[in-house]
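K.L.:
Have a look at this one.
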Amino acid sequence: MGMKRWITYILAGILLCVFPGIPAFAVQTLVVAVNPCWPPMEMKDNKGKISGYEIDLIKAMGNEAGFKVKFVEVPWKNIFNGLDAGKYDAVLASISITDGRKEKFDFSEPYFTTEQLFVVPKAKVEEPLREKTIAAFKLTTGAEAIRLYQKVNITFYTVEETDKAFKDLSKGYIDGVLCDSPVAVDYATCNKYKDKFALTYGVLPEGVQIPKEDYGIAIKKGNASVLDLINQGLQAVKDKGLEDQIRTKWIKSSEPSSGPQSPSKDGVSLNEGQTP
């Protein structure tokens, strides 16, 4: 037994000499599901590489907390089922933290606050929404929010059809798109649609405030080790100002030039929306 043990030690030493880059302790790799159809939070560039605010954010978190990230692309309609089935460790996809979702999954501390904004043609920004056709995205909080806007016709798109919705808006097939503020601003100010779109708040019925939502990273219920690791990384990038740098790189201002108007009689109108 003694001789075998010495042989084992000698072989291990040889391996370390031949492969000095092998770490003494393996760095944990988190498998993270993404849906790169929601610019500027996460999207694909012309070469198919995933990039965006959330991608840079979690990479920085990994650097601070000592974990690596492996991204897997998952359709939005399947993304929560896959997490529940244990196919990946976390979901990073601009997920609004809601009471319903918190019953099923654990969430990191919030990393971004958003609100629902309309993108409309500049030429029609002063027209009321009544009887207009407005796009919303299936299985999102925006799809729920639009139900607060009475007397509009709703056309639903999948999250993967985000670019198609804005293309349809530019062609006049629909009258507006309701979505999260960073996405709305990105499309309203991008070169492709420059000077074509306006950014605006809708007006809710009297007494109802424009909803704001916090994004969080979703983790399978009870996976405390992954949750702690992610929160550790998130807190570190906030404390060191890294999140501010990433936000400056990717996120444009989302404040329209003027605030919401008072509610109209039918509870549906637009303020004088202008791109920031």
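How things are named: the first chain in the structure tokens is A, the next is B, and so on; residues count from 1 in each chain; ligands count from 1 in the order shown.
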Could you pull out the alpha helix (DSSP H) residues of region 32-119 of chain A, going by DSSP on the backbone, and write them as a VMD selection string?
P.N.:
chain A and resid 53 to 65 79 to 84 99 to 104
K.L.:
Just want the 10 Å neighbourhood of Asp56 (chain A), counted on only C-alpha atoms, with same-chain residues fewer than 4 positions away dropped. Output as a PyMOL selection string.
P.N.:
chain A and resi 41-42+50-52+60-62+242-243+246-247+249-250
K.L.:
Give me, please, the distance in Å between CA of Pro128 (chain A) and CA of Ile154 (chain A), quoted to one decimal.
P.N.:
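Between these atoms lies a distance of 15.0 Å.
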K.L.:
Return the single residue from A:Leu229, A:Tyr215, A:Glu161, A:Val183 that is closest to Lys68 (chain A), with distances computed using only C-alpha atoms.
P.N.:
A:Leu229
K.L.:
Hey, what does DSSP flag as strand (DSSP E or B) within region 4-253 of chain A? Can you give it to me as JSON, numbers by chain?
P.N.:
{"A": [28, 29, 30, 31, 32, 33, 34, 38, 42, 43, 44, 50, 51, 67, 68, 69, 70, 71, 72, 73, 90, 91, 96, 105, 106, 107, 112, 113, 114, 115, 116, 117, 118, 119, 120, 121, 133, 134, 135, 136, 137, 153, 154, 155, 156, 157, 176, 177, 178, 179, 180, 197, 198, 199, 200, 202, 212, 213, 214, 215, 218, 219, 220]}
K.L.:
Could you name the residues that touch Ser170 (chain A) at 10 Å or less, counting only C-alpha atoms, but leaving out those on the same chain fewer than 2 positions away, as a list in words?
P.N.:
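Final neighbour list, sorted by chain and number: Val120, Pro121, Lys164, Ala165, Phe166, Lys167, Asp168, Gly172, Tyr173, Ile174, Asp175, Gly176, Lys192, Tyr193, Lys196 and Phe197 of chain A.
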K.L.:
Please indicate the distance in Å from CA of Pro182 (chain A) to CA of Lys220 (chain A), rounded to one decimal place.
P.N.:
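So the two atoms, CA of Pro182 (chain A) and CA of Lys220 (chain A), lie 26.3 Å apart.
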K.L.:
Taking only C-alpha atoms into account, name the residue in A:Val32, A:Ile251, A:Ile55, A:Ile134 that is nearest to Val152 (chain A).
P.N.:
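Residue with the minimum atom-to-atom distance to Val152 (chain A): A:Ile134.
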K.L.:
Could you tell me which of A:Ala65, A:Leu169, A:Leu83, A:Ala218 comes closest to Ala136 (chain A) if we count only C-alpha atoms?
P.N.:
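Of the candidates, the smallest distance to Ala136 (chain A) is held by A:Leu169.
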K.L.:
Write out as a ChimeraX atom specification which residues come within 12 Å of Arg101 (chain A) when counting only C-alpha atoms, dropping same-chain ones fewer than 4 positions away.
P.N.:
/A:80,84,95-97,105-107,140-141,215-221
K.L.:
Quick one: residues within 12 Å of Met43 (chain A), only C-alpha atoms counted, chain neighbours fewer than 2 positions away excluded, as a PyMOL selection string?
P.N.:
chain A and resi 34-41+45-56+73+93-94+159-160+162-163+183+186+250
